[in-house]
file target.cif (mmCIF, C-alpha atoms)
data_input
#
loop_
_atom_site.label_atom_id
_atom_site.label_comp_id
_atom_site.auth_asym_id
_atom_site.auth_seq_id
_atom_site.Cartn_x
_atom_site.Cartn_y
_atom_site.Cartn_z
CA MET A 47 0.00 0.00 0.00
CA LEU A 48 2.81 2.39 0.87
CA GLU A 49 4.12 2.16 -2.70
CA ASN A 50 1.12 4.12 -3.97
CA GLY A 51 1.40 7.89 -3.85
CA TRP A 52 -1.29 10.04 -2.25
CA ASP A 53 -2.73 10.78 -5.72
CA THR A 54 -2.81 7.17 -6.92
CA PHE A 55 -4.52 5.32 -4.09
CA GLU A 56 -8.00 4.04 -4.68
CA ILE A 57 -11.21 4.78 -2.80
CA GLY A 58 -11.66 2.21 -0.06
CA THR A 59 -7.94 1.92 0.65
CA ILE A 60 -7.14 0.07 3.86
CA LEU A 61 -4.14 0.97 5.98
CA ARG A 62 -3.03 -1.81 8.31
CA PRO A 63 -1.43 -0.59 11.54
CA PHE A 64 0.26 -3.96 12.22
CA GLU A 65 2.15 -6.59 10.29
CA GLY A 66 0.38 -9.93 10.24
CA ALA A 67 -2.47 -11.04 12.46
CA VAL A 68 -3.24 -9.23 15.69
CA THR A 69 -5.22 -10.96 18.38
CA ASP A 70 -5.10 -9.24 21.76
CA ILE A 71 -3.90 -5.71 21.20
CA VAL A 72 -5.26 -4.36 24.47
CA ASN A 73 -2.97 -6.65 26.47
CA THR A 74 0.09 -6.15 24.26
CA LEU A 75 2.51 -3.42 25.27
CA PRO A 76 3.74 -1.09 22.50
CA GLU A 77 7.25 -2.57 22.68
CA HIS A 78 5.85 -6.01 21.85
CA ARG A 79 3.60 -4.91 19.00
CA ASN A 80 4.48 -5.61 15.43
CA TYR A 81 3.88 -2.11 14.03
CA SER A 82 3.70 -1.71 10.29
CA LYS A 83 5.26 1.11 8.28
CA SER A 84 1.76 2.56 7.96
CA ASN A 85 1.42 3.10 11.69
CA SER A 86 2.20 6.65 12.77
CA PHE A 87 4.10 5.06 15.68
CA SER A 88 6.86 4.41 13.15
CA ILE A 89 7.32 8.07 12.25
CA SER A 90 8.50 11.05 14.25
CA VAL A 91 7.38 14.61 14.92
CA ALA A 92 10.54 15.47 16.88
CA ASP A 93 11.42 18.27 14.46
CA TRP A 94 8.34 20.22 15.65
CA ARG A 95 10.00 20.80 19.01
CA ILE A 96 11.81 23.94 20.16
CA GLU A 97 11.85 23.01 23.81
CA LYS A 98 11.72 19.54 25.30
CA PRO A 99 10.51 18.28 28.66
CA LEU A 100 13.04 16.38 30.75
CA LEU A 101 12.18 13.99 33.55
CA ASN A 102 14.02 13.96 36.86
CA LEU A 103 13.04 10.65 38.46
CA GLU A 104 14.47 11.76 41.83
CA GLU A 105 11.74 14.41 42.09
CA CYS A 106 8.98 12.25 40.60
CA ILE A 107 6.17 11.01 42.87
CA HIS A 108 4.65 8.87 40.08
CA CYS A 109 1.27 10.61 40.34
CA GLN A 110 0.70 9.98 36.59
CA PHE A 111 -0.85 13.39 35.88
CA CYS A 112 1.60 13.87 33.01
CA TRP A 113 0.68 10.45 31.63
CA ILE A 114 -3.08 11.12 31.53
CA TYR A 115 -2.80 14.66 30.15
CA CYS A 116 -0.07 14.09 27.54
CA PRO A 117 -1.78 14.59 24.16
CA ASP A 118 0.93 12.65 22.31
CA MET A 119 1.22 9.43 24.28
CA SER A 120 4.85 10.41 24.93
CA ILE A 121 5.03 9.79 28.66
CA ILE A 122 6.03 6.18 29.07
CA SER A 123 4.70 4.62 32.23
CA ARG A 124 5.06 0.96 33.13
CA GLU A 125 3.61 -0.77 36.18
CA LYS A 126 2.36 2.50 37.71
CA LYS A 127 5.81 4.12 37.50
CA MET A 128 7.14 6.78 35.15
CA VAL A 129 9.91 5.42 33.01
CA THR A 130 10.89 7.87 30.31
CA ILE A 131 9.72 10.28 27.62
CA ASP A 132 9.27 9.21 24.02
CA PHE A 133 11.03 11.99 22.12
CA ASP A 134 9.97 10.65 18.71
CA HIS A 135 6.34 11.48 19.47
CA CYS A 136 6.68 14.47 21.83
CA LYS A 137 5.78 17.79 20.19
CA GLY A 138 7.05 19.84 23.15
CA CYS A 139 3.67 21.34 24.11
CA GLY A 140 4.64 21.53 27.80
CA ILE A 141 1.35 20.29 29.30
CA CYS A 142 3.24 17.67 31.34
CA VAL A 143 5.36 20.37 32.98
CA GLU A 144 2.28 22.47 33.80
CA VAL A 145 0.38 19.60 35.45
CA CYS A 146 3.39 18.21 37.36
CA PRO A 147 2.82 18.88 41.10
CA THR A 148 6.53 18.57 41.92
CA ASN A 149 9.49 19.70 39.81
CA ALA A 150 10.05 16.34 38.19
CA LEU A 151 9.43 17.72 34.70
CA LEU A 152 10.86 20.94 33.30
CA MET A 153 11.22 22.38 29.81
CA PHE A 154 14.73 22.78 28.42
CA PRO A 155 16.03 23.99 25.05
CA GLU A 156 15.91 21.21 22.47
CA GLN A 157 19.69 21.06 22.06
CA MET A 158 20.45 20.72 25.79
CA ASP A 159 22.02 17.50 26.95
CA GLU A 160 19.92 15.48 29.42
CA ALA A 161 22.83 14.77 31.78
CA GLU A 162 23.69 18.47 31.92
CA ALA A 163 20.09 19.41 32.72
CA LEU A 164 19.87 16.77 35.45
CA SER A 165 23.13 17.87 37.07
CA ASN A 166 21.95 21.51 37.17
CA TRP A 167 18.32 20.84 38.10
CA PRO A 168 16.99 24.15 39.47
CA GLN A 169 16.67 24.14 43.25
CA GLU A 170 14.97 27.49 43.88
CA GLU A 171 11.78 26.37 42.15
CA ASN A 172 11.54 23.52 44.62
CA THR A 173 11.24 25.97 47.49
CA LYS A 174 8.69 27.97 45.54
CA VAL A 175 6.45 24.92 45.22
CA LYS A 176 6.78 24.12 48.90
CA GLU A 177 5.76 27.67 49.84
CA ASN A 178 2.61 27.30 47.77
CA MET B 272 -16.63 -4.65 33.30
CA THR B 273 -15.80 -5.12 37.00
CA GLN B 274 -12.15 -5.47 36.09
CA ILE B 275 -12.23 -2.23 34.10
CA LYS B 276 -13.96 -0.38 36.91
CA ALA B 277 -11.21 -1.45 39.31
CA LYS B 278 -8.66 -0.18 36.82
CA THR B 279 -10.08 3.32 36.86
CA LYS B 280 -10.29 3.57 40.65
CA ASN B 281 -7.21 5.76 40.69
CA LEU B 282 -4.83 7.27 38.19
CA LYS B 283 -1.95 4.92 39.01
CA ASN B 284 -4.08 1.90 38.17
CA PHE B 285 -5.46 3.60 35.09
CA SER B 286 -1.93 4.26 33.82
CA THR B 287 -1.48 0.54 33.23
CA SER B 288 -3.79 0.84 30.20
CA THR B 289 -2.13 0.20 26.87
CA GLU B 290 -2.69 2.82 24.21
CA ARG B 291 -4.70 2.16 21.08
CA PHE B 292 -4.16 5.65 19.71
CA GLU B 293 -0.63 6.41 18.54
CA GLY B 294 1.64 9.44 18.71
CA SER B 295 3.16 11.26 15.74
CA ASN B 296 -0.32 12.21 14.62
CA LEU B 297 -0.46 15.73 13.24
CA LEU B 298 -2.74 17.34 15.82
CA CYS B 299 -1.42 20.67 17.12
CA PRO B 300 0.84 20.61 20.18
CA GLY B 301 -1.42 20.83 23.22
CA CYS B 302 -4.58 19.72 21.38
CA ALA B 303 -7.25 18.38 23.72
CA HIS B 304 -8.69 16.08 21.04
CA SER B 305 -6.15 13.36 21.62
CA ILE B 306 -6.45 13.62 25.42
CA ILE B 307 -10.18 12.93 25.02
CA VAL B 308 -9.71 10.13 22.49
CA ARG B 309 -7.17 8.41 24.75
CA GLU B 310 -9.50 8.62 27.73
CA VAL B 311 -12.33 7.13 25.67
CA LEU B 312 -10.24 4.27 24.27
CA ASN B 313 -8.55 3.51 27.58
CA ALA B 314 -11.91 3.33 29.35
CA THR B 315 -12.63 -0.04 27.75
CA ASP B 316 -10.77 -3.26 27.00
CA ASP B 317 -13.35 -4.33 24.40
CA ASN B 318 -12.71 -4.46 20.68
CA LEU B 319 -13.63 -1.23 18.99
CA ILE B 320 -15.20 -0.24 15.70
CA LEU B 321 -14.59 3.47 15.25
CA ALA B 322 -15.49 6.12 12.72
CA ALA B 323 -14.55 9.76 12.41
CA SER B 324 -16.30 12.47 10.49
CA THR B 325 -14.12 14.97 8.66
CA GLY B 326 -12.48 17.33 11.09
CA CYS B 327 -9.20 17.95 12.87
CA LEU B 328 -9.16 14.49 14.41
CA GLU B 329 -9.69 12.73 11.10
CA VAL B 330 -7.30 14.72 8.91
CA CYS B 331 -4.53 14.64 11.51
CA THR B 332 -4.67 10.96 12.43
CA ALA B 333 -5.02 9.43 8.96
CA VAL B 334 -2.55 11.29 6.78
CA TYR B 335 -1.97 8.86 3.94
CA PRO B 336 -0.01 6.58 4.11
CA HIS B 337 -0.13 6.63 7.92
CA THR B 338 -2.75 5.83 10.51
CA SER B 339 -2.68 6.53 14.25
CA TRP B 340 -5.42 4.03 15.11
CA ASP B 341 -4.72 0.57 16.49
CA ALA B 342 -8.37 -0.39 16.08
CA SER B 343 -10.82 -0.76 13.21
CA TRP B 344 -11.35 2.81 12.12
CA ILE B 345 -13.14 4.29 9.18
CA HIS B 346 -13.04 7.75 7.76
CA ILE B 347 -16.09 8.75 5.83
CA GLY B 348 -17.69 12.07 4.85
CA PHE B 349 -18.19 15.10 7.05
CA GLU B 350 -21.78 14.22 7.86
CA ASN B 351 -21.96 10.46 8.13
CA GLY B 352 -19.47 9.22 10.72
CA SER B 353 -22.48 8.37 12.85
CA SER B 354 -24.32 6.45 10.12
CA ALA B 355 -21.13 4.52 9.16
CA VAL B 356 -20.86 3.21 12.70
CA ALA B 357 -24.62 2.65 12.92
CA GLY B 358 -24.41 0.61 9.70
CA ALA B 359 -21.58 -1.50 11.11
CA GLU B 360 -23.57 -2.04 14.29
CA ALA B 361 -26.69 -3.08 12.39
CA MET B 362 -24.63 -5.45 10.22
CA HIS B 363 -23.00 -6.99 13.28
CA LYS B 364 -26.41 -7.54 14.85
CA ALA B 365 -27.83 -9.10 11.67
CA LEU B 366 -24.87 -11.44 11.13
CA LYS B 367 -24.99 -12.52 14.76
CA LYS B 368 -28.69 -13.31 14.44
CA LYS B 369 -28.02 -15.38 11.32
CA GLY B 370 -25.13 -17.19 13.04
CA ARG B 371 -22.67 -16.04 10.41
CA LEU B 372 -20.16 -14.31 12.68
CA LYS B 373 -16.78 -16.05 12.83
CA GLN B 374 -16.26 -15.07 16.45
CA PRO B 375 -19.73 -14.51 17.92
CA GLU B 376 -18.37 -14.19 21.45
CA ARG B 377 -16.51 -11.00 20.53
CA THR B 378 -18.81 -8.05 20.93
CA PRO B 379 -17.15 -4.84 19.85
CA LYS B 380 -18.12 -1.36 20.96
CA PHE B 381 -19.19 1.07 18.26
CA VAL B 382 -18.02 4.65 18.59
CA ALA B 383 -18.25 7.63 16.24
CA PHE B 384 -16.21 10.80 16.70
CA GLY B 385 -17.06 14.17 15.22
CA GLY B 386 -16.13 17.77 15.83
CA ASP B 387 -18.71 20.39 16.69
CA GLY B 388 -19.05 21.29 13.00
CA ALA B 389 -19.85 17.70 12.07
CA THR B 390 -22.14 17.32 15.08
CA TYR B 391 -23.99 20.58 15.68
CA ASP B 392 -24.33 21.53 12.00
CA ILE B 393 -23.39 19.31 9.08
CA GLY B 394 -23.94 15.82 10.47
CA PHE B 395 -26.83 16.67 12.73
CA GLN B 396 -29.54 15.07 10.59
CA TRP B 397 -27.60 11.78 10.42
CA ILE B 398 -26.94 11.68 14.16
CA SER B 399 -30.58 12.43 14.81
CA GLY B 400 -31.51 9.52 12.53
CA CYS B 401 -29.17 7.13 14.35
CA PHE B 402 -30.62 8.14 17.70
CA GLU B 403 -34.17 7.82 16.43
CA ARG B 404 -33.48 4.30 15.13
CA GLY B 405 -31.88 3.40 18.45
CA HIS B 406 -28.56 1.91 17.34
CA ASP B 407 -26.35 0.52 20.07
CA MET B 408 -23.52 3.02 19.61
CA MET B 409 -21.76 5.97 21.18
CA TYR B 410 -21.31 9.35 19.55
CA VAL B 411 -18.53 11.53 20.95
CA CYS B 412 -18.58 15.20 19.96
CA LEU B 413 -15.19 16.88 20.31
CA ASP B 414 -16.57 20.33 20.97
CA ASN B 415 -13.93 22.99 20.29
CA GLU B 416 -16.60 25.57 19.41
CA VAL B 417 -15.23 26.37 15.95
CA TYR B 418 -14.44 24.85 12.54
CA ALA B 419 -10.77 24.62 13.52
CA ASN B 420 -9.78 22.28 10.68
CA THR B 421 -10.75 24.65 7.90
CA GLY B 422 -9.54 27.95 9.29
CA GLY B 423 -11.63 28.83 12.31
CA GLN B 424 -15.06 29.62 10.89
CA ARG B 425 -17.90 29.96 13.39
CA SER B 426 -20.17 26.98 13.98
CA SER B 427 -23.46 26.80 15.82
CA SER B 428 -21.40 25.79 18.85
CA THR B 429 -19.37 29.02 18.86
CA PRO B 430 -20.38 31.01 21.95
CA ILE B 431 -21.57 34.59 21.79
CA GLY B 432 -18.80 37.20 21.73
CA ALA B 433 -16.11 34.88 20.38
CA SER B 434 -14.07 36.17 17.47
CA ALA B 435 -14.00 33.64 14.62
CA THR B 436 -12.85 34.13 11.03
CA THR B 437 -16.40 34.44 9.70
CA SER B 438 -17.58 36.47 12.68
CA PRO B 439 -14.54 38.61 13.46
CA ALA B 440 -14.52 41.14 16.25
CA GLY B 441 -13.76 44.73 15.28
CA ARG B 442 -14.99 48.28 15.45
CA THR B 443 -18.54 47.42 14.46
CA SER B 444 -18.87 43.86 15.77
CA TYR B 445 -18.17 41.99 19.00
CA GLY B 446 -17.76 38.72 17.11
CA GLU B 447 -20.25 35.84 17.14
CA LYS B 448 -23.79 37.16 17.57
CA ARG B 449 -25.68 34.02 18.51
CA ASN B 450 -25.78 31.82 21.55
CA LYS B 451 -24.31 28.36 21.54
CA LYS B 452 -26.79 25.65 20.56
CA ASP B 453 -27.90 23.51 23.52
CA ILE B 454 -26.94 20.17 21.97
CA MET B 455 -27.35 18.30 25.26
CA ALA B 456 -31.02 19.22 25.52
CA ILE B 457 -31.57 18.37 21.86
CA MET B 458 -29.98 14.93 22.13
CA ALA B 459 -31.79 14.21 25.40
CA ALA B 460 -35.05 15.15 23.69
CA HIS B 461 -34.47 12.22 21.33
CA GLY B 462 -35.16 10.06 24.37
CA ALA B 463 -31.58 8.75 24.28
CA PRO B 464 -30.83 6.48 27.23
CA TYR B 465 -27.65 8.35 28.11
CA VAL B 466 -26.40 11.84 27.28
CA ALA B 467 -23.43 13.35 29.12
CA GLN B 468 -21.19 16.36 29.03
CA VAL B 469 -17.52 15.80 29.90
CA ALA B 470 -14.21 17.67 30.06
CA PRO B 471 -10.77 16.04 29.73
CA ASN B 472 -9.34 17.71 32.85
CA LYS B 473 -11.87 15.84 35.01
CA TRP B 474 -10.58 12.48 33.82
CA LYS B 475 -12.30 10.33 36.42
CA ASP B 476 -15.69 11.86 35.79
CA MET B 477 -15.12 11.45 32.07
CA VAL B 478 -14.02 7.82 32.21
CA LYS B 479 -16.94 6.99 34.50
CA LYS B 480 -19.39 8.52 32.04
CA ILE B 481 -17.78 6.76 29.07
CA GLN B 482 -18.03 3.44 30.89
CA THR B 483 -21.66 4.10 31.77
CA GLY B 484 -22.17 4.88 28.09
CA PHE B 485 -20.55 1.63 27.01
CA ALA B 486 -22.67 -0.30 29.51
CA THR B 487 -25.85 1.35 28.23
CA GLU B 488 -27.81 -0.33 25.49
CA GLY B 489 -28.87 2.09 22.79
CA PRO B 490 -27.52 5.36 21.43
CA VAL B 491 -25.29 7.36 23.76
CA PHE B 492 -24.22 10.95 23.22
CA ILE B 493 -21.10 12.42 24.83
CA ASN B 494 -20.32 16.10 24.45
CA ALA B 495 -16.63 16.57 25.27
CA MET B 496 -15.18 20.03 25.74
CA SER B 497 -12.01 20.23 23.68
CA ALA B 498 -9.96 23.38 24.26
CA CYS B 499 -8.38 24.50 20.96
CA THR B 500 -5.02 26.17 21.42
CA THR B 501 -5.02 27.57 17.86
CA GLU B 502 -8.51 29.06 17.62
CA TRP B 503 -9.12 29.91 21.27
CA LYS B 504 -5.70 31.55 21.20
CA PHE B 505 -3.84 30.37 24.27
CA ALA B 506 -0.40 28.80 24.80
CA PRO B 507 -0.24 25.02 24.15
CA GLU B 508 0.84 24.21 27.71
CA ASP B 509 -2.33 25.81 29.11
CA THR B 510 -4.85 23.31 27.68
CA ILE B 511 -5.58 21.73 31.05
CA ALA B 512 -5.58 25.10 32.85
CA ILE B 513 -8.16 26.49 30.38
CA SER B 514 -10.27 23.35 30.76
CA ASP B 515 -10.10 23.82 34.54
CA LEU B 516 -11.26 27.43 34.17
CA ALA B 517 -14.20 26.26 32.03
CA THR B 518 -15.42 23.69 34.54
CA GLU B 519 -14.71 25.81 37.64
CA SER B 520 -16.51 28.87 36.22
CA LEU B 521 -19.48 26.66 35.17
CA VAL B 522 -19.21 27.84 31.57
CA PHE B 523 -19.02 24.14 30.81
CA PRO B 524 -21.00 22.34 33.54
CA LEU B 525 -20.53 18.59 33.86
CA TYR B 526 -23.79 16.67 33.98
CA GLU B 527 -25.62 13.71 32.50
CA ILE B 528 -29.20 13.10 31.38
CA ILE B 529 -30.60 9.57 31.67
CA ASP B 530 -33.57 8.54 29.50
CA GLY B 531 -34.15 12.12 28.47
CA THR B 532 -35.44 13.17 31.87
CA GLU B 533 -33.29 12.29 34.87
CA LEU B 534 -30.60 14.97 35.13
CA ASN B 535 -27.58 14.56 37.42
CA ILE B 536 -24.94 17.19 38.00
CA THR B 537 -21.69 15.23 38.36
CA TYR B 538 -19.30 17.98 39.36
CA ARG B 539 -19.88 20.93 41.67
CA PRO B 540 -16.89 23.24 42.00
CA LYS B 541 -16.02 24.13 45.59
CA ASN B 542 -15.11 27.68 44.64
CA VAL B 543 -16.92 28.93 41.57
CA ILE B 544 -14.69 31.40 39.76
CA PRO B 545 -16.03 34.35 37.73
CA VAL B 546 -16.65 33.84 34.01
CA ARG B 547 -14.41 36.87 33.48
CA ASP B 548 -11.37 34.72 34.38
CA TYR B 549 -12.28 32.11 31.77
CA LEU B 550 -12.86 34.73 29.05
CA GLY B 551 -9.72 36.67 29.94
CA ALA B 552 -7.47 33.65 29.45
CA GLN B 553 -8.33 33.33 25.75
CA GLY B 554 -7.39 35.55 22.83
CA ARG B 555 -10.73 35.00 21.08
CA PHE B 556 -12.49 37.01 23.84
CA LYS B 557 -9.79 39.68 24.19
CA HIS B 558 -11.95 42.43 22.65
CA LEU B 559 -14.66 41.93 25.30
CA PHE B 560 -12.35 43.63 27.79
CA SER B 561 -12.51 46.93 25.90
CA LYS B 562 -14.88 49.60 27.27
CA GLN B 563 -17.17 49.29 24.27
CA TYR B 564 -18.02 45.61 24.83
CA GLU B 565 -17.47 45.12 28.54
CA TYR B 566 -21.24 44.87 29.19
CA LEU B 567 -21.12 41.51 27.38
CA ILE B 568 -19.04 39.98 30.18
CA ASP B 569 -21.84 40.71 32.67
CA GLU B 570 -24.33 39.23 30.24
CA TRP B 571 -22.12 36.13 29.98
CA GLN B 572 -22.04 35.79 33.76
CA SER B 573 -25.80 36.09 34.13
CA ARG B 574 -26.35 33.57 31.33
CA VAL B 575 -24.01 31.06 33.00
CA ASP B 576 -25.68 31.65 36.38
CA ALA B 577 -29.15 31.17 34.88
CA LYS B 578 -28.07 27.92 33.21
CA TRP B 579 -26.61 26.59 36.47
CA GLU B 580 -29.81 27.48 38.28
CA TYR B 581 -31.81 25.69 35.58
CA LEU B 582 -29.65 22.55 35.82
CA GLN B 583 -29.94 22.45 39.61
CA ARG B 584 -33.70 22.85 39.48
CA ARG B 585 -34.05 20.14 36.88
CA GLU B 586 -31.87 17.83 38.93
CA GLU B 587 -34.08 18.42 41.95
CA ALA B 588 -37.36 18.08 40.07
CA ARG B 589 -36.30 14.82 38.31
CA VAL B 590 -38.26 15.73 35.19
#

call {"tool": "encode", "arguments": {"input": "target.cif", "output": "structure tokens"}}
result
Amino acid sequence: MLENGWDTFEIGTILRPFEGAVTDIVNTLPEHRNYSKSNSFSISVADWRIEKPLLNLEECIHCQFCWIYCPDMSIISREKKMVTIDFDHCKGCGICVEVCPTNALLMFPEQMDEAEALSNWPQEENTKVKEN
Amino acid sequence: MTQIKAKTKNLKNFSTSTERFEGSNLLCPGCAHSIIVREVLNATDDNLILAASTGCLEVCTAVYPHTSWDASWIHIGFENGSSAVAGAEAMHKALKKKGRLKQPERTPKFVAFGGDGATYDIGFQWISGCFERGHDMMYVCLDNEVYANTGGQRSSSTPIGASATTSPAGRTSYGEKRNKKDIMAIMAAHGAPYVAQVAPNKWKDMVKKIQTGFATEGPVFINAMSACTTEWKFAPEDTIAISDLATESLVFPLYEIIDGTELNITYRPKNVIPVRDYLGAQGRFKHLFSKQYEYLIDEWQSRVDAKWEYLQRREEARV
């Protein structure tokens, strides 16, 4: 199907999100799914981003607010714990940072190194949250 | 169903849901549409047959040759997302009756999505038909109060005073002149077994209503407030904050109507905030804060107060 251009496909075209047969998708984690090239999971919108959210697991209380409110399914949570951020799908909207009750998530310039951000995690904002 | 209900008891449990809606769709950063769609899809473990009418959700999640849906999903015209799903539901019922289903034990849920343009205006006749025929399906309206997909034209959901591209605010106009259509009352008047209004920021309330909808036999209508960062003119990170302002100021009250009569208010804010705060947070109402149009803000407040009073009285009267 992917061989056809947008102006050559026929009416009634079917796009299959997975390769082969799929039986129990609701109990299959994304990392175990056999995504096809047609699934938008396989592409990236990373070039939309100017700023990126970074996760500091030391500050995280695993409340999952960022998971539920992320519009791009980019907050990866496994077994009720935050794990990481999927930077292929994150558009950098910043909702996760706004809903985070602690300072576990902050926005940084796209080019900033994660290790550098974590080593200089702002402290003063911590006190500000506590005052509130 | 019991298992699912236990899953949504708290957010930590709910976060064990696996997504059936994928990232790298082309919805704007901060768009509430996908927050709503995720909450709907995660509310059930059943198989799903979905349809979407033309609108932001459809054009951004099925950009050929890619799809963001890990479920059976059909795109069809602007007006007939509802009838496509109703047709699938009727076919499923007929094949089951004839014993021709390969897996008769699998009973999928049928859901149609449409924006406010497809729901309030263009697709209204089709939705009305589906509800009149009593198909066992759910219709979810992603109500962002404007034709956002085609450039921000006003729809019959656009509230009074909002500046849209076909009702712009300026020296001689304060923007949209008409009041928002009361779609909840209209759908309830069809005698639908379940009609509910939800907002994505109140996730528990929303998931509960979606699950009630799935458990209900017959047509179910869900009106979901979907804050639009582009047309409402606010920063993408503020989507949840704006949704909070809408529910806390009662501009968008959360309630349900069962069998067309029994009305229940499902969320009562502890501290009701003034409508002024909700309007002030969005660029589309910026002009209302000029001297010339400020009287409209008071009118807004009294309209919201009157509606809240009406809802409370109806809840009490049970009619």

call {"tool": "resolve_selection", "arguments": {"input": "target.cif", "expression": "the PyMOL selection byres ((chain A and resi 150-162) around 9)", "output": "list in words"}}
result
Arg95, Ile96, Glu97, Lys98, Pro99, Leu100, Leu101, Asn102, Leu103, Glu104, Glu105, Cys106, Ile107, Cys112, Gly138, Gly140, Cys142, Val143, Glu144, Cys146, Pro147, Thr148, Asn149, Ala163, Leu164, Ser165, Asn166 and Trp167 of chain A

call {"tool": "resolve_selection", "arguments": {"input": "target.cif", "expression": "the PyMOL selection byres ((chain B) within 9 of (chain A))", "output": "JSON, numbers by chain"}}
result
{"B": [282, 283, 284, 285, 286, 287, 288, 289, 290, 291, 292, 293, 294, 295, 296, 297, 298, 299, 300, 301, 302, 303, 304, 305, 306, 307, 309, 310, 316, 317, 318, 332, 333, 334, 335, 336, 337, 338, 339, 340, 341, 342, 471, 472, 474, 506, 507, 508, 509, 510, 511, 512]}

call {"tool": "resolve_selection", "arguments": {"input": "target.cif", "expression": "the PyMOL selection byres ((chain B and resi 494) around 6)", "output": "NGL selection string"}}
result
:B and (412 or 468 or 493 or 495)

call {"tool": "write_last_selection", "arguments": {"input": "target.cif", "atoms": "C-alpha atoms", "output": "mmCIF file, in the coordinates of the input"}}
result
data_model
loop_
_atom_site.group_PDB
_atom_site.id
_atom_site.type_symbol
_atom_site.label_atom_id
_atom_site.label_comp_id
_atom_site.auth_asym_id
_atom_site.auth_seq_id
_atom_site.Cartn_x
_atom_site.Cartn_y
_atom_site.Cartn_z
ATOM 1 C CA CYS B 412 -18.580 15.200 19.960
ATOM 2 C CA GLN B 468 -21.190 16.360 29.030
ATOM 3 C CA ILE B 493 -21.100 12.420 24.830
ATOM 4 C CA ALA B 495 -16.630 16.570 25.270
#

call {"tool": "closest_residue", "arguments": {"input": "target.cif", "among": "B:Thr443, B:Ser324, B:Ser343, B:Asn420", "to": "Ile393 (chain B)", "atoms": "all atoms listed in the file"}}
result
B:Ser324

call {"tool": "atom_distance", "arguments": {"input": "target.cif", "atom1": "CA of Asp530 (chain B)", "atom2": "CA of Ala459 (chain B)"}}
result
7.2 Å

call {"tool": "atom_distance", "arguments": {"input": "target.cif", "atom1": "CA of Gly400 (chain B)", "atom2": "CA of Glu329 (chain B)"}}
result
22.1 Å

call {"tool": "atom_distance", "arguments": {"input": "target.cif", "atom1": "CA of Met408 (chain B)", "atom2": "CA of Cys327 (chain B)"}}
result
21.8 Å

call {"tool": "residues_around", "arguments": {"input": "target.cif", "residues": "Pro379 (chain B)", "least_positions_apart": "2", "cutoff": "9 Å", "atoms": "all atoms listed in the file", "output": "PDB file with C-alpha atoms, in the coordinates of the input"}}
result
ATOM      1  CA  ASP B 317     -13.350  -4.330  24.400  1.00  0.00           C
ATOM      2  CA  ASN B 318     -12.710  -4.460  20.680  1.00  0.00           C
ATOM      3  CA  LEU B 319     -13.630  -1.230  18.990  1.00  0.00           C
ATOM      4  CA  ILE B 320     -15.200  -0.240  15.700  1.00  0.00           C
ATOM      5  CA  GLU B 360     -23.570  -2.040  14.290  1.00  0.00           C
ATOM      6  CA  ARG B 377     -16.510 -11.000  20.530  1.00  0.00           C
ATOM      7  CA  PHE B 381     -19.190   1.070  18.260  1.00  0.00           C
TER       8      PHE B 381
END

call {"tool": "residues_around", "arguments": {"input": "target.cif", "residues": "Lys479 (chain B)", "least_positions_apart": "3", "cutoff": "10 Å", "atoms": "only C-alpha atoms", "output": "list in words"}}
result
Lys276, Thr279, Lys280, Val311, Ala314, Val469, Trp474, Lys475, Asp476, Gln482, Thr483, Gly484 and Phe485 of chain B

call {"tool": "residues_near_point", "arguments": {"input": "target.cif", "point": "(-9.6, 29.6, 15.2)", "cutoff": "8 Å", "atoms": "only C-alpha atoms", "output": "VMD selection string"}}
result
chain B and resid 417 to 419 422 to 424 435 to 436 499 501 to 504

call {"tool": "residues_around", "arguments": {"input": "target.cif", "residues": "Glu350 (chain B)", "least_positions_apart": "6", "cutoff": "8 Å", "atoms": "only C-alpha atoms", "output": "PyMOL selection string"}}
result
chain B and resi 324-325+389-390+393-395+397

call {"tool": "residues_around", "arguments": {"input": "target.cif", "residues": "Ile345 (chain B)", "least_positions_apart": "3", "cutoff": "9 Å", "atoms": "all atoms listed in the file", "output": "compact mmCIF listing (two decimals) with C-alpha atoms, in the coordinates of the input"}}
result
# COMPACT_ATOMS: atom_id res chain seq x y z
CA ILE B 320 -15.20 -0.24 15.70
CA LEU B 321 -14.59 3.47 15.25
CA ALA B 322 -15.49 6.12 12.72
CA ALA B 323 -14.55 9.76 12.41
CA SER B 324 -16.30 12.47 10.49
CA GLY B 352 -19.47 9.22 10.72
CA ALA B 355 -21.13 4.52 9.16
CA VAL B 356 -20.86 3.21 12.70

call {"tool": "axis_aligned_box", "arguments": {"input": "target.cif", "around": "region 97-113 of chain A", "padding_each_side": "3 Å", "output": "JSON"}}
result
{"center_x": 6.8, "center_y": 15.9, "center_z": 33.3, "size_x": 21.3, "size_y": 20.1, "size_z": 25.1}

call {"tool": "closest_residue", "arguments": {"input": "target.cif", "among": "B:Glu447, B:Glu570, B:Glu580, B:Asp453", "to": "Val546 (chain B)", "atoms": "all atoms listed in the file"}}
result
B:Glu570

call {"tool": "residues_near_point", "arguments": {"input": "target.cif", "point": "(-13.8, 38.9, 26.8)", "cutoff": "10 Å", "atoms": "only C-alpha atoms", "output": "list in words"}}
result
Gly432, Ala433, Ser434, Tyr445, Val546, Arg547, Asp548, Tyr549, Leu550, Gly551, Ala552, Gln553, Gly554, Arg555, Phe556, Lys557, His558, Leu559, Phe560, Ser561, Tyr564, Glu565, Tyr566, Leu567, Ile568 and Trp571 of chain B

call {"tool": "residues_around", "arguments": {"input": "target.cif", "residues": "Ser399 (chain B)", "least_positions_apart": "5", "cutoff": "9 Å", "atoms": "all atoms listed in the file", "output": "NGL selection string"}}
result
:B and (394 or 404 or 458 or 461)
